[in-house]
Amino acid sequence: MHAESTRSQLAVLTLLALGLPLGAAEPALRNLNVRGLQINGTTTLVCDGDDFGKAPRLLLPFRAKQVLKPGSTDKQATFDVTLSDEVVPGYHHVRIVTDGGVSLPVVVAVDRLPQRPFTASIDPLPVALHGSVGGSQTLETRFTGKAGQKVMVEVEAQRLGSKLRPILHLNSPKNLQLAWAWGTPALFGDTRLEATLPADGVYSVTLHDAEYAAPAPNFFRLRIGQWAYVDQVFPPAVRIGSKQGLEAIGRSSRAPTDHVESITPGIVPLGFHGIDESGPQPFVIISPHPEVNEQLAPGKLLEIPTRPQGVNGRLSAPFEEDRFKLAVVPLTKIRFDVFAERLGSPIDVALVIRNEKGDQLARAEDGAGTLDPALEYAVPDKVTTVIVGIVDAQGRGGPRGIYRLAIKPQSPAVLYDCKLSTPVQRVTLPLGGRSVIPVVVERRGFQGEIELSPIVFLHDATKAIKFEGTVIPDGADGTLLSLTRNDSPFEAFVSRLRGRDAGDREQPVIVKGHPLERLQPWLATEIAVAPSAAKAADFQVAFGSLPSDAAIVPGNKLKLPINVTRTNPKTVVKLTLLTSQLAPLVNNQPDPNKTIRQEKPVELGDKAASGELDVVVPVELPSPVYDIAVQAELLTPDKKIVLASAVTPVRRLPVRLPLVVSLDGPARIDVALDAKKGATLKVPGKIERRESLKGDVAVTLTGLPPGAKADAVTVKADAIAFTLNVALPPNVPAGEVRGLKLAASAAPDPKQPARRVKSRDVEVTLVVKTAK
């Protein structure tokens, strides 16, 4: 600690010597001595991190008394935190707020257990011990028990963000093992054991990593004693507006609530009834669709109609299978999603589609990033009924083996089908400053406009902050949401963002990759916003002479002129491109060939007031518009310390295709089909090269029926007209042949012939008539 303080002091002296601005940096919260707070009690919380300043304070989601204790430093702050009896047990975020902004959150458990650092012996029970297990280390603690006493021992590690893979052992006074437990999917990788003590005496609990090689971070919270908990509720989902009783699955005298009623779809946290609750707060899904609860005698089939709906069930015995008779429409598609592991259920299920004879038609096992299966099933012609089976594939069925089957027949997508996300968990706003929150949407078929609404509960914040860019246009990937602060003061607060479509359907914006998205999903929607004491006028960045009609052209480069203003030129400015693109992924990383990206790192050195950032634009861009901005970071000459950051105003740029294809005639083309020879037809059209595109252009017609043929044609560099020759076999049925797509492509760079830009598709329909 002394060495760290010395280095910090040397850094400050260096800045003073250079005459650089001493803006307070955003705080970083690295560790807590205990990962819990006691309701109706006082917990001493020691926070380790960086840039705490002289008067740090905690940002908590509930009312609490906090006292900063003497002796706190820039890297460690100690608080006495007192919670009232009104605080709801569960997992909550803790953040540090300073004059430099707000830290990223740390997850803590809140309940009525005394919170203590790990110790070799404990008395009395119950208690929550906190510590860490490094490498091959094994920790041991002891407690005094009596014959017949019931004891629970539980480790919370991965649920709180640790990478520890816990294994527990409970040993008798004679040092004989009474029970042991390891990580389970039902506890999201954590573990719990329950035992009845056989005799009076001193018992020991040992904890170690499953592979005796605990990766960092390896902290834990170890609870010993008795408490109430709810791991799951049944049914896991209820329909919007309905009144539904809920069954608590766990150690609780009754359900966490007698019934739930909501007028808004989404996630509803549930309260507890008792006073000894501990662990994550349970929740129920409020569905916009009908929800059916499976309650059948063995061998019976539940008959359900074709409609968007959920089926809630339980596989109560090993290798059990629930079957449902589903009415279907021939030649349509149905999407099936099973939720089991994602609900904390121990079962690993398979989804099976059969015909009424019992023959298997399709089967799905694990889905993307989960053990839960998903399947898009194409209903064959003349099939009006299928049997849907949910199978316990690994024999883990039991009272906790709950699942939810979501059924969605082919229908127009709505906002409920989308997922809105952001990588941002915190925003710091200097006086007169601006910040940007990228929000992207996985549309999953929905193409409508989405309006974002920030949820701000503090009146002073609504006066101090202006939100812009709140609309995601039709078909767009997302938006760069701008927050601009005026000179009004405001207190740090936690906000949420919600998207709304034209039908007033709502979806929350989720922080991408948040570890509690499954366990307590509402925590994954929190974004902390805080003021800083810095002044934006000391460091500013803006676009230079970027034309008002600037556009993003697939396959071309976009040059962004940048101007910066800084009070001290003895600094380095690093420029970073921000966009609203939902970047396509390869191996879970952005695909550089399909991502709008800056060509190379850009830094502005001593005294430079302007520069240029070159943007590489991929050849394929599905969105009609993209937002762009440039973030600037003010660095010390050695580039090791960020003194300040700023961002340009956001520009929304249209996508301007360099290639357009069109037909000379209508898109509906009549075809006279000879019963023996079939038919041939000519499809004439033109191409238009724009944005300095040159060279040959390939034109294709795809989506033809089986046996039909349309050879691609090449439009030479000095030509614009083309004619496609299409041949149809005589077996093409009379009527409309839809789904044909006319498209053109070209290589902007002759040296990279495989890198081709495309035109928008032109939909073509053939109207086939039998010749007389």
# chains A, B, ... in the order shown; residues from 1 in each chain; ligands from 1
>>> residues_around(residues="Pro489 (chain A)", least_positions_apart="2", cutoff="9 Å", atoms="only C-alpha atoms", output="list in words")
Leu431, Asp460, Ala461, Lys463, Ala464, Asn486, Asp487, Glu491 and Pro531 of chain A
>>> residues_around(residues="Ile347 (chain A)", least_positions_apart="2", cutoff="10 Å", atoms="only C-alpha atoms", output="ChimeraX atom specification")
/A:185-186,314-315,318-319,340-341,344-345,349-350,371-372,391-398,400-403
>>> select_by_dssp(residues="region 397-636 of chain A", states="helix (DSSP H, G or I)", output="list of chain:residue names")
A:Leu415, A:Tyr416, A:Asp417, A:His459, A:Asp460, A:Ala461, A:Thr462, A:Lys463, A:Ala464, A:Pro521, A:Trp522, A:Leu523, A:Ala524, A:Thr525, A:Ala536, A:Ala537, A:Asp538
>>> residues_around(residues="region 708-724 of chain A", least_positions_apart="5", cutoff="7 Å", atoms="only C-alpha atoms", output="PyMOL selection string")
chain A and resi 682-688+694-701+729
>>> write_last_selection(atoms="N, CA and C atoms", output="tab-separated table (two decimals), in the first residue's frame")
chain	number	residue	atom	x	y	z
A	682	LYS	N	-37.01	-13.03	-71.73
A	682	LYS	CA	-35.93	-12.08	-71.58
A	682	LYS	C	-36.33	-11.04	-70.53
A	683	VAL	N	-35.39	-10.77	-69.62
A	683	VAL	CA	-35.61	-9.79	-68.55
A	683	VAL	C	-34.61	-8.65	-68.75
A	684	PRO	N	-35.03	-7.54	-69.38
A	684	PRO	CA	-34.10	-6.43	-69.63
A	684	PRO	C	-34.07	-5.46	-68.44
A	685	GLY	N	-32.96	-4.76	-68.29
A	685	GLY	CA	-32.84	-3.77	-67.24
A	685	GLY	C	-31.60	-2.93	-67.41
A	686	LYS	N	-31.33	-2.13	-66.39
A	686	LYS	CA	-30.17	-1.23	-66.42
A	686	LYS	C	-29.52	-1.21	-65.05
A	687	ILE	N	-28.23	-0.88	-65.07
A	687	ILE	CA	-27.51	-0.65	-63.82
A	687	ILE	C	-27.01	0.80	-63.82
A	688	GLU	N	-26.84	1.33	-62.60
A	688	GLU	CA	-26.33	2.68	-62.45
A	688	GLU	C	-25.17	2.65	-61.46
A	694	LYS	N	-16.43	2.07	-60.79
A	694	LYS	CA	-16.11	1.77	-62.18
A	694	LYS	C	-15.96	0.27	-62.35
A	695	GLY	N	-15.89	-0.17	-63.61
A	695	GLY	CA	-15.61	-1.56	-63.88
A	695	GLY	C	-16.84	-2.37	-64.23
A	696	ASP	N	-16.61	-3.67	-64.42
A	696	ASP	CA	-17.67	-4.59	-64.81
A	696	ASP	C	-18.63	-4.82	-63.65
A	697	VAL	N	-19.89	-5.12	-64.02
A	697	VAL	CA	-20.94	-5.39	-63.03
A	697	VAL	C	-21.60	-6.72	-63.38
A	698	ALA	N	-21.76	-7.61	-62.39
A	698	ALA	CA	-22.45	-8.88	-62.57
A	698	ALA	C	-23.90	-8.74	-62.14
A	699	VAL	N	-24.82	-9.25	-62.95
A	699	VAL	CA	-26.25	-9.20	-62.65
A	699	VAL	C	-26.77	-10.63	-62.54
A	700	THR	N	-27.52	-10.93	-61.48
A	700	THR	CA	-28.04	-12.27	-61.25
A	700	THR	C	-29.52	-12.22	-60.91
A	701	LEU	N	-30.19	-13.35	-61.18
A	701	LEU	CA	-31.59	-13.55	-60.77
A	701	LEU	C	-31.64	-14.84	-59.99
A	729	PRO	N	-38.73	-24.88	-66.97
A	729	PRO	CA	-39.10	-26.22	-67.43
A	729	PRO	C	-40.62	-26.33	-67.56
>>> closest_residue(among="A:Pro330, A:Pro124, A:Pro198, A:Gly134", to="Val379 (chain A)", atoms="only C-alpha atoms")
A:Pro330
>>> select_by_dssp(residues="region 285-454 of chain A", states="strand (DSSP E)", output="PyMOL selection string")
chain A and resi 285-287+291-293+302-304+309-314+321-327+333-339+349-354+360-364+374-378+385-392+402-409+419-422+426-431+434-442+450-454
>>> closest_residue(among="A:Ala368, A:Leu405, A:Ala734, A:Ala413", to="Val352 (chain A)", atoms="only C-alpha atoms")
A:Leu405
>>> residues_around(residues="Asn593 (chain A)", least_positions_apart="4", cutoff="12 Å", atoms="only C-alpha atoms", output="list in words")
Pro554, Gly555, Ala583, Pro584, Leu585, Val586, Gln589, Arg597, Glu599, Val616, Val617, Pro618, Val619, Glu620, Leu621, Ala754, Arg755 and Arg756 of chain A
>>> write_last_selection(atoms="C-alpha atoms", output="CSV table (one decimal), in the first residue's frame")
chain,number,residue,atom,x,y,z
A,554,PRO,CA,-20.2,0.4,-48.9
A,555,GLY,CA,-16.7,-0.6,-50.0
A,583,ALA,CA,-21.2,-5.7,-35.5
A,584,PRO,CA,-21.3,-9.3,-37.0
A,585,LEU,CA,-19.2,-11.7,-35.0
A,586,VAL,CA,-16.7,-14.4,-35.9
A,589,GLN,CA,-15.3,-11.3,-31.9
A,597,ARG,CA,-14.0,0.4,-38.2
A,599,GLU,CA,-8.3,1.9,-40.4
A,616,VAL,CA,-13.1,1.4,-43.5
A,617,VAL,CA,-16.6,0.6,-44.7
A,618,PRO,CA,-17.5,-3.0,-45.5
A,619,VAL,CA,-19.1,-4.0,-48.7
A,620,GLU,CA,-22.3,-5.2,-47.1
A,621,LEU,CA,-24.4,-3.0,-44.7
A,754,ALA,CA,-13.7,-11.1,-54.3
A,755,ARG,CA,-14.6,-8.0,-52.2
A,756,ARG,CA,-17.8,-7.0,-54.0
>>> residues_around(residues="Ile437 (chain A)", least_positions_apart="4", cutoff="10 Å", atoms="only C-alpha atoms", output="short mmCIF file (atom, residue, chain, number, x, y, z; two decimals) with all heavy atoms, in the first residue's frame")
data_model
loop_
_atom_site.label_atom_id
_atom_site.label_comp_id
_atom_site.auth_asym_id
_atom_site.auth_seq_id
_atom_site.Cartn_x
_atom_site.Cartn_y
_atom_site.Cartn_z
N THR A 422 -26.58 -2.65 -24.71
CA THR A 422 -25.54 -1.62 -24.71
C THR A 422 -24.32 -2.16 -23.98
O THR A 422 -24.46 -2.98 -23.06
CB THR A 422 -26.02 -0.33 -24.02
OG1 THR A 422 -24.96 0.64 -24.04
CG2 THR A 422 -26.43 -0.59 -22.58
N PRO A 423 -23.11 -1.74 -24.37
CA PRO A 423 -21.92 -2.15 -23.62
C PRO A 423 -21.64 -1.25 -22.42
O PRO A 423 -20.71 -1.51 -21.65
CB PRO A 423 -20.80 -2.01 -24.66
CG PRO A 423 -21.26 -0.91 -25.55
CD PRO A 423 -22.77 -1.02 -25.61
N VAL A 424 -22.43 -0.21 -22.22
CA VAL A 424 -22.14 0.84 -21.24
C VAL A 424 -22.84 0.55 -19.91
O VAL A 424 -24.04 0.28 -19.88
CB VAL A 424 -22.56 2.22 -21.77
CG1 VAL A 424 -22.43 3.28 -20.70
CG2 VAL A 424 -21.70 2.59 -22.98
N GLN A 425 -22.08 0.63 -18.81
CA GLN A 425 -22.65 0.49 -17.47
C GLN A 425 -22.57 1.78 -16.66
O GLN A 425 -23.18 1.87 -15.60
CB GLN A 425 -21.94 -0.61 -16.68
CG GLN A 425 -22.18 -2.02 -17.19
CD GLN A 425 -21.73 -3.05 -16.18
OE1 GLN A 425 -22.34 -3.23 -15.14
NE2 GLN A 425 -20.64 -3.74 -16.49
N ARG A 426 -21.82 2.75 -17.16
CA ARG A 426 -21.68 4.01 -16.40
C ARG A 426 -21.44 5.16 -17.38
O ARG A 426 -20.89 4.97 -18.46
CB ARG A 426 -20.54 3.94 -15.40
CG ARG A 426 -19.17 3.75 -16.05
CD ARG A 426 -18.06 3.83 -15.05
NE ARG A 426 -16.76 3.46 -15.65
CZ ARG A 426 -15.61 3.48 -15.01
NH1 ARG A 426 -15.57 3.85 -13.74
NH2 ARG A 426 -14.49 3.13 -15.61
N VAL A 427 -21.86 6.34 -16.95
CA VAL A 427 -21.67 7.57 -17.72
C VAL A 427 -21.22 8.65 -16.75
O VAL A 427 -21.84 8.84 -15.69
CB VAL A 427 -22.96 8.01 -18.43
CG1 VAL A 427 -22.79 9.38 -19.07
CG2 VAL A 427 -23.38 6.98 -19.47
N GLY A 469 -30.98 11.63 -29.76
CA GLY A 469 -30.77 10.37 -30.48
C GLY A 469 -31.55 9.23 -29.88
O GLY A 469 -31.08 8.09 -29.85
N THR A 479 -28.56 3.11 -32.27
CA THR A 479 -28.39 4.55 -32.16
C THR A 479 -27.25 4.84 -31.21
O THR A 479 -26.88 4.00 -30.37
CB THR A 479 -29.68 5.23 -31.66
OG1 THR A 479 -29.52 6.65 -31.68
CG2 THR A 479 -30.02 4.81 -30.25
N LEU A 480 -26.66 6.03 -31.36
CA LEU A 480 -25.74 6.56 -30.35
C LEU A 480 -26.52 7.58 -29.54
O LEU A 480 -26.79 8.70 -30.00
CB LEU A 480 -24.52 7.21 -31.01
CG LEU A 480 -23.57 6.27 -31.76
CD1 LEU A 480 -22.38 7.04 -32.33
CD2 LEU A 480 -23.08 5.14 -30.87
N LEU A 481 -26.94 7.18 -28.35
CA LEU A 481 -27.74 8.04 -27.48
C LEU A 481 -26.83 9.05 -26.80
O LEU A 481 -25.88 8.68 -26.09
CB LEU A 481 -28.46 7.18 -26.44
CG LEU A 481 -29.33 7.90 -25.42
CD1 LEU A 481 -30.52 8.57 -26.09
CD2 LEU A 481 -29.80 6.93 -24.34
N SER A 482 -27.09 10.34 -27.02
CA SER A 482 -26.24 11.40 -26.46
C SER A 482 -26.83 11.94 -25.17
O SER A 482 -28.04 12.17 -25.09
CB SER A 482 -26.10 12.56 -27.46
OG SER A 482 -25.37 12.16 -28.58
N LEU A 483 -25.97 12.14 -24.17
CA LEU A 483 -26.32 12.81 -22.93
C LEU A 483 -25.47 14.07 -22.84
O LEU A 483 -24.23 13.98 -22.83
CB LEU A 483 -26.07 11.92 -21.71
CG LEU A 483 -26.98 10.72 -21.47
CD1 LEU A 483 -26.71 9.60 -22.45
CD2 LEU A 483 -26.82 10.22 -20.04
N ILE A 527 -27.74 1.49 -15.48
CA ILE A 527 -26.66 2.34 -15.98
C ILE A 527 -26.51 3.50 -14.99
O ILE A 527 -27.45 4.25 -14.76
CB ILE A 527 -26.97 2.88 -17.38
CG1 ILE A 527 -27.17 1.74 -18.38
CG2 ILE A 527 -25.84 3.80 -17.87
CD1 ILE A 527 -27.62 2.19 -19.75
N LEU A 578 -16.70 5.60 -32.74
CA LEU A 578 -17.90 5.00 -32.15
C LEU A 578 -18.96 4.92 -33.24
O LEU A 578 -19.15 5.87 -34.01
CB LEU A 578 -18.42 5.85 -30.99
CG LEU A 578 -17.46 6.17 -29.85
CD1 LEU A 578 -18.13 7.08 -28.84
CD2 LEU A 578 -16.99 4.89 -29.18
N SER A 580 -23.07 3.02 -34.35
CA SER A 580 -24.29 2.34 -33.90
C SER A 580 -24.47 1.00 -34.57
O SER A 580 -25.55 0.41 -34.53
CB SER A 580 -25.52 3.22 -34.19
OG SER A 580 -25.65 3.45 -35.58
#
>>> residues_around(residues="Thr636 (chain A)", least_positions_apart="3", cutoff="8 Å", atoms="only C-alpha atoms", output="ChimeraX atom specification")
/A:570-572,639-643
>>> write_last_selection(atoms="all heavy atoms", output="PDB file, in the first residue's frame")
ATOM      1  N   LYS A 570       0.903  20.098 -24.161  1.00  0.00           N
ATOM      2  CA  LYS A 570       1.895  19.076 -23.845  1.00  0.00           C
ATOM      3  C   LYS A 570       1.220  17.759 -23.499  1.00  0.00           C
ATOM      4  O   LYS A 570       1.425  17.179 -22.424  1.00  0.00           O
ATOM      5  CB  LYS A 570       2.778  19.551 -22.683  1.00  0.00           C
ATOM      6  CG  LYS A 570       3.593  20.786 -23.001  1.00  0.00           C
ATOM      7  CD  LYS A 570       4.418  21.205 -21.791  1.00  0.00           C
ATOM      8  CE  LYS A 570       5.207  22.466 -22.075  1.00  0.00           C
ATOM      9  NZ  LYS A 570       6.005  22.887 -20.893  1.00  0.00           N
ATOM     10  N   THR A 571       0.393  17.300 -24.399  1.00  0.00           N
ATOM     11  CA  THR A 571      -0.396  16.092 -24.176  1.00  0.00           C
ATOM     12  C   THR A 571      -0.523  15.349 -25.498  1.00  0.00           C
ATOM     13  O   THR A 571      -0.165  15.849 -26.560  1.00  0.00           O
ATOM     14  CB  THR A 571      -1.808  16.435 -23.662  1.00  0.00           C
ATOM     15  OG1 THR A 571      -2.377  17.439 -24.509  1.00  0.00           O
ATOM     16  CG2 THR A 571      -1.774  16.935 -22.234  1.00  0.00           C
ATOM     17  N   VAL A 572      -1.060  14.144 -25.412  1.00  0.00           N
ATOM     18  CA  VAL A 572      -1.361  13.337 -26.588  1.00  0.00           C
ATOM     19  C   VAL A 572      -2.867  13.085 -26.602  1.00  0.00           C
ATOM     20  O   VAL A 572      -3.466  12.833 -25.550  1.00  0.00           O
ATOM     21  CB  VAL A 572      -0.599  11.991 -26.556  1.00  0.00           C
ATOM     22  CG1 VAL A 572      -0.989  11.115 -27.739  1.00  0.00           C
ATOM     23  CG2 VAL A 572       0.903  12.236 -26.555  1.00  0.00           C
ATOM     24  N   LYS A 639       1.585   8.521 -22.287  1.00  0.00           N
ATOM     25  CA  LYS A 639       0.367   7.797 -22.683  1.00  0.00           C
ATOM     26  C   LYS A 639      -0.122   6.807 -21.619  1.00  0.00           C
ATOM     27  O   LYS A 639      -0.890   5.891 -21.920  1.00  0.00           O
ATOM     28  CB  LYS A 639       0.576   7.050 -24.006  1.00  0.00           C
ATOM     29  CG  LYS A 639       1.046   7.925 -25.150  1.00  0.00           C
ATOM     30  CD  LYS A 639       1.290   7.107 -26.418  1.00  0.00           C
ATOM     31  CE  LYS A 639       1.916   7.948 -27.516  1.00  0.00           C
ATOM     32  NZ  LYS A 639       2.191   7.164 -28.734  1.00  0.00           N
ATOM     33  N   LYS A 640       0.297   6.994 -20.374  1.00  0.00           N
ATOM     34  CA  LYS A 640      -0.078   6.059 -19.321  1.00  0.00           C
ATOM     35  C   LYS A 640      -1.261   6.527 -18.492  1.00  0.00           C
ATOM     36  O   LYS A 640      -1.886   5.722 -17.800  1.00  0.00           O
ATOM     37  CB  LYS A 640       1.123   5.799 -18.402  1.00  0.00           C
ATOM     38  CG  LYS A 640       2.267   5.059 -19.083  1.00  0.00           C
ATOM     39  CD  LYS A 640       3.406   4.785 -18.111  1.00  0.00           C
ATOM     40  CE  LYS A 640       4.527   4.014 -18.782  1.00  0.00           C
ATOM     41  NZ  LYS A 640       5.656   3.730 -17.844  1.00  0.00           N
ATOM     42  N   ILE A 641      -1.564   7.824 -18.535  1.00  0.00           N
ATOM     43  CA  ILE A 641      -2.642   8.362 -17.698  1.00  0.00           C
ATOM     44  C   ILE A 641      -3.635   9.094 -18.584  1.00  0.00           C
ATOM     45  O   ILE A 641      -3.259   9.927 -19.413  1.00  0.00           O
ATOM     46  CB  ILE A 641      -2.083   9.325 -16.624  1.00  0.00           C
ATOM     47  CG1 ILE A 641      -1.089   8.596 -15.714  1.00  0.00           C
ATOM     48  CG2 ILE A 641      -3.215   9.925 -15.788  1.00  0.00           C
ATOM     49  CD1 ILE A 641      -0.415   9.499 -14.703  1.00  0.00           C
ATOM     50  N   VAL A 642      -4.923   8.776 -18.408  1.00  0.00           N
ATOM     51  CA  VAL A 642      -5.993   9.479 -19.113  1.00  0.00           C
ATOM     52  C   VAL A 642      -6.407  10.666 -18.256  1.00  0.00           C
ATOM     53  O   VAL A 642      -6.895  10.504 -17.138  1.00  0.00           O
ATOM     54  CB  VAL A 642      -7.199   8.562 -19.370  1.00  0.00           C
ATOM     55  CG1 VAL A 642      -8.309   9.346 -20.068  1.00  0.00           C
ATOM     56  CG2 VAL A 642      -6.797   7.371 -20.216  1.00  0.00           C
ATOM     57  N   LEU A 643      -6.194  11.868 -18.785  1.00  0.00           N
ATOM     58  CA  LEU A 643      -6.509  13.086 -18.031  1.00  0.00           C
ATOM     59  C   LEU A 643      -7.956  13.509 -18.204  1.00  0.00           C
ATOM     60  O   LEU A 643      -8.566  14.060 -17.290  1.00  0.00           O
ATOM     61  CB  LEU A 643      -5.591  14.224 -18.490  1.00  0.00           C
ATOM     62  CG  LEU A 643      -4.089  13.972 -18.353  1.00  0.00           C
ATOM     63  CD1 LEU A 643      -3.307  15.099 -19.016  1.00  0.00           C
ATOM     64  CD2 LEU A 643      -3.706  13.859 -16.888  1.00  0.00           C
TER      65      LEU A 643
END
>>> closest_residue(among="A:Val615, A:Ala672, A:Ala492, A:Val441", to="Val456 (chain A)", atoms="only C-alpha atoms")
A:Ala492
>>> residues_around(residues="Arg652 (chain A)", least_positions_apart="4", cutoff="8 Å", atoms="only C-alpha atoms", output="ChimeraX atom specification")
/A:625-628
>>> closest_residue(among="A:Arg112, A:Arg566, A:Arg342, A:Lys325", to="Thr384 (chain A)", atoms="only C-alpha atoms")
A:Lys325
>>> closest_residue(among="A:Val726, A:Ile472, A:Ile465, A:Leu83", to="Arg63 (chain A)", atoms="only C-alpha atoms")
A:Leu83
>>> closest_residue(among="A:Gln520, A:Ser610, A:Asn355, A:Gln507", to="Leu343 (chain A)", atoms="only C-alpha atoms")
A:Gln520
>>> atom_distance(atom1="CA of Ala551 (chain A)", atom2="CA of Leu604 (chain A)")
25.1 Å
>>> atom_distance(atom1="CA of Glu321 (chain A)", atom2="CA of Ile387 (chain A)")
11.7 Å
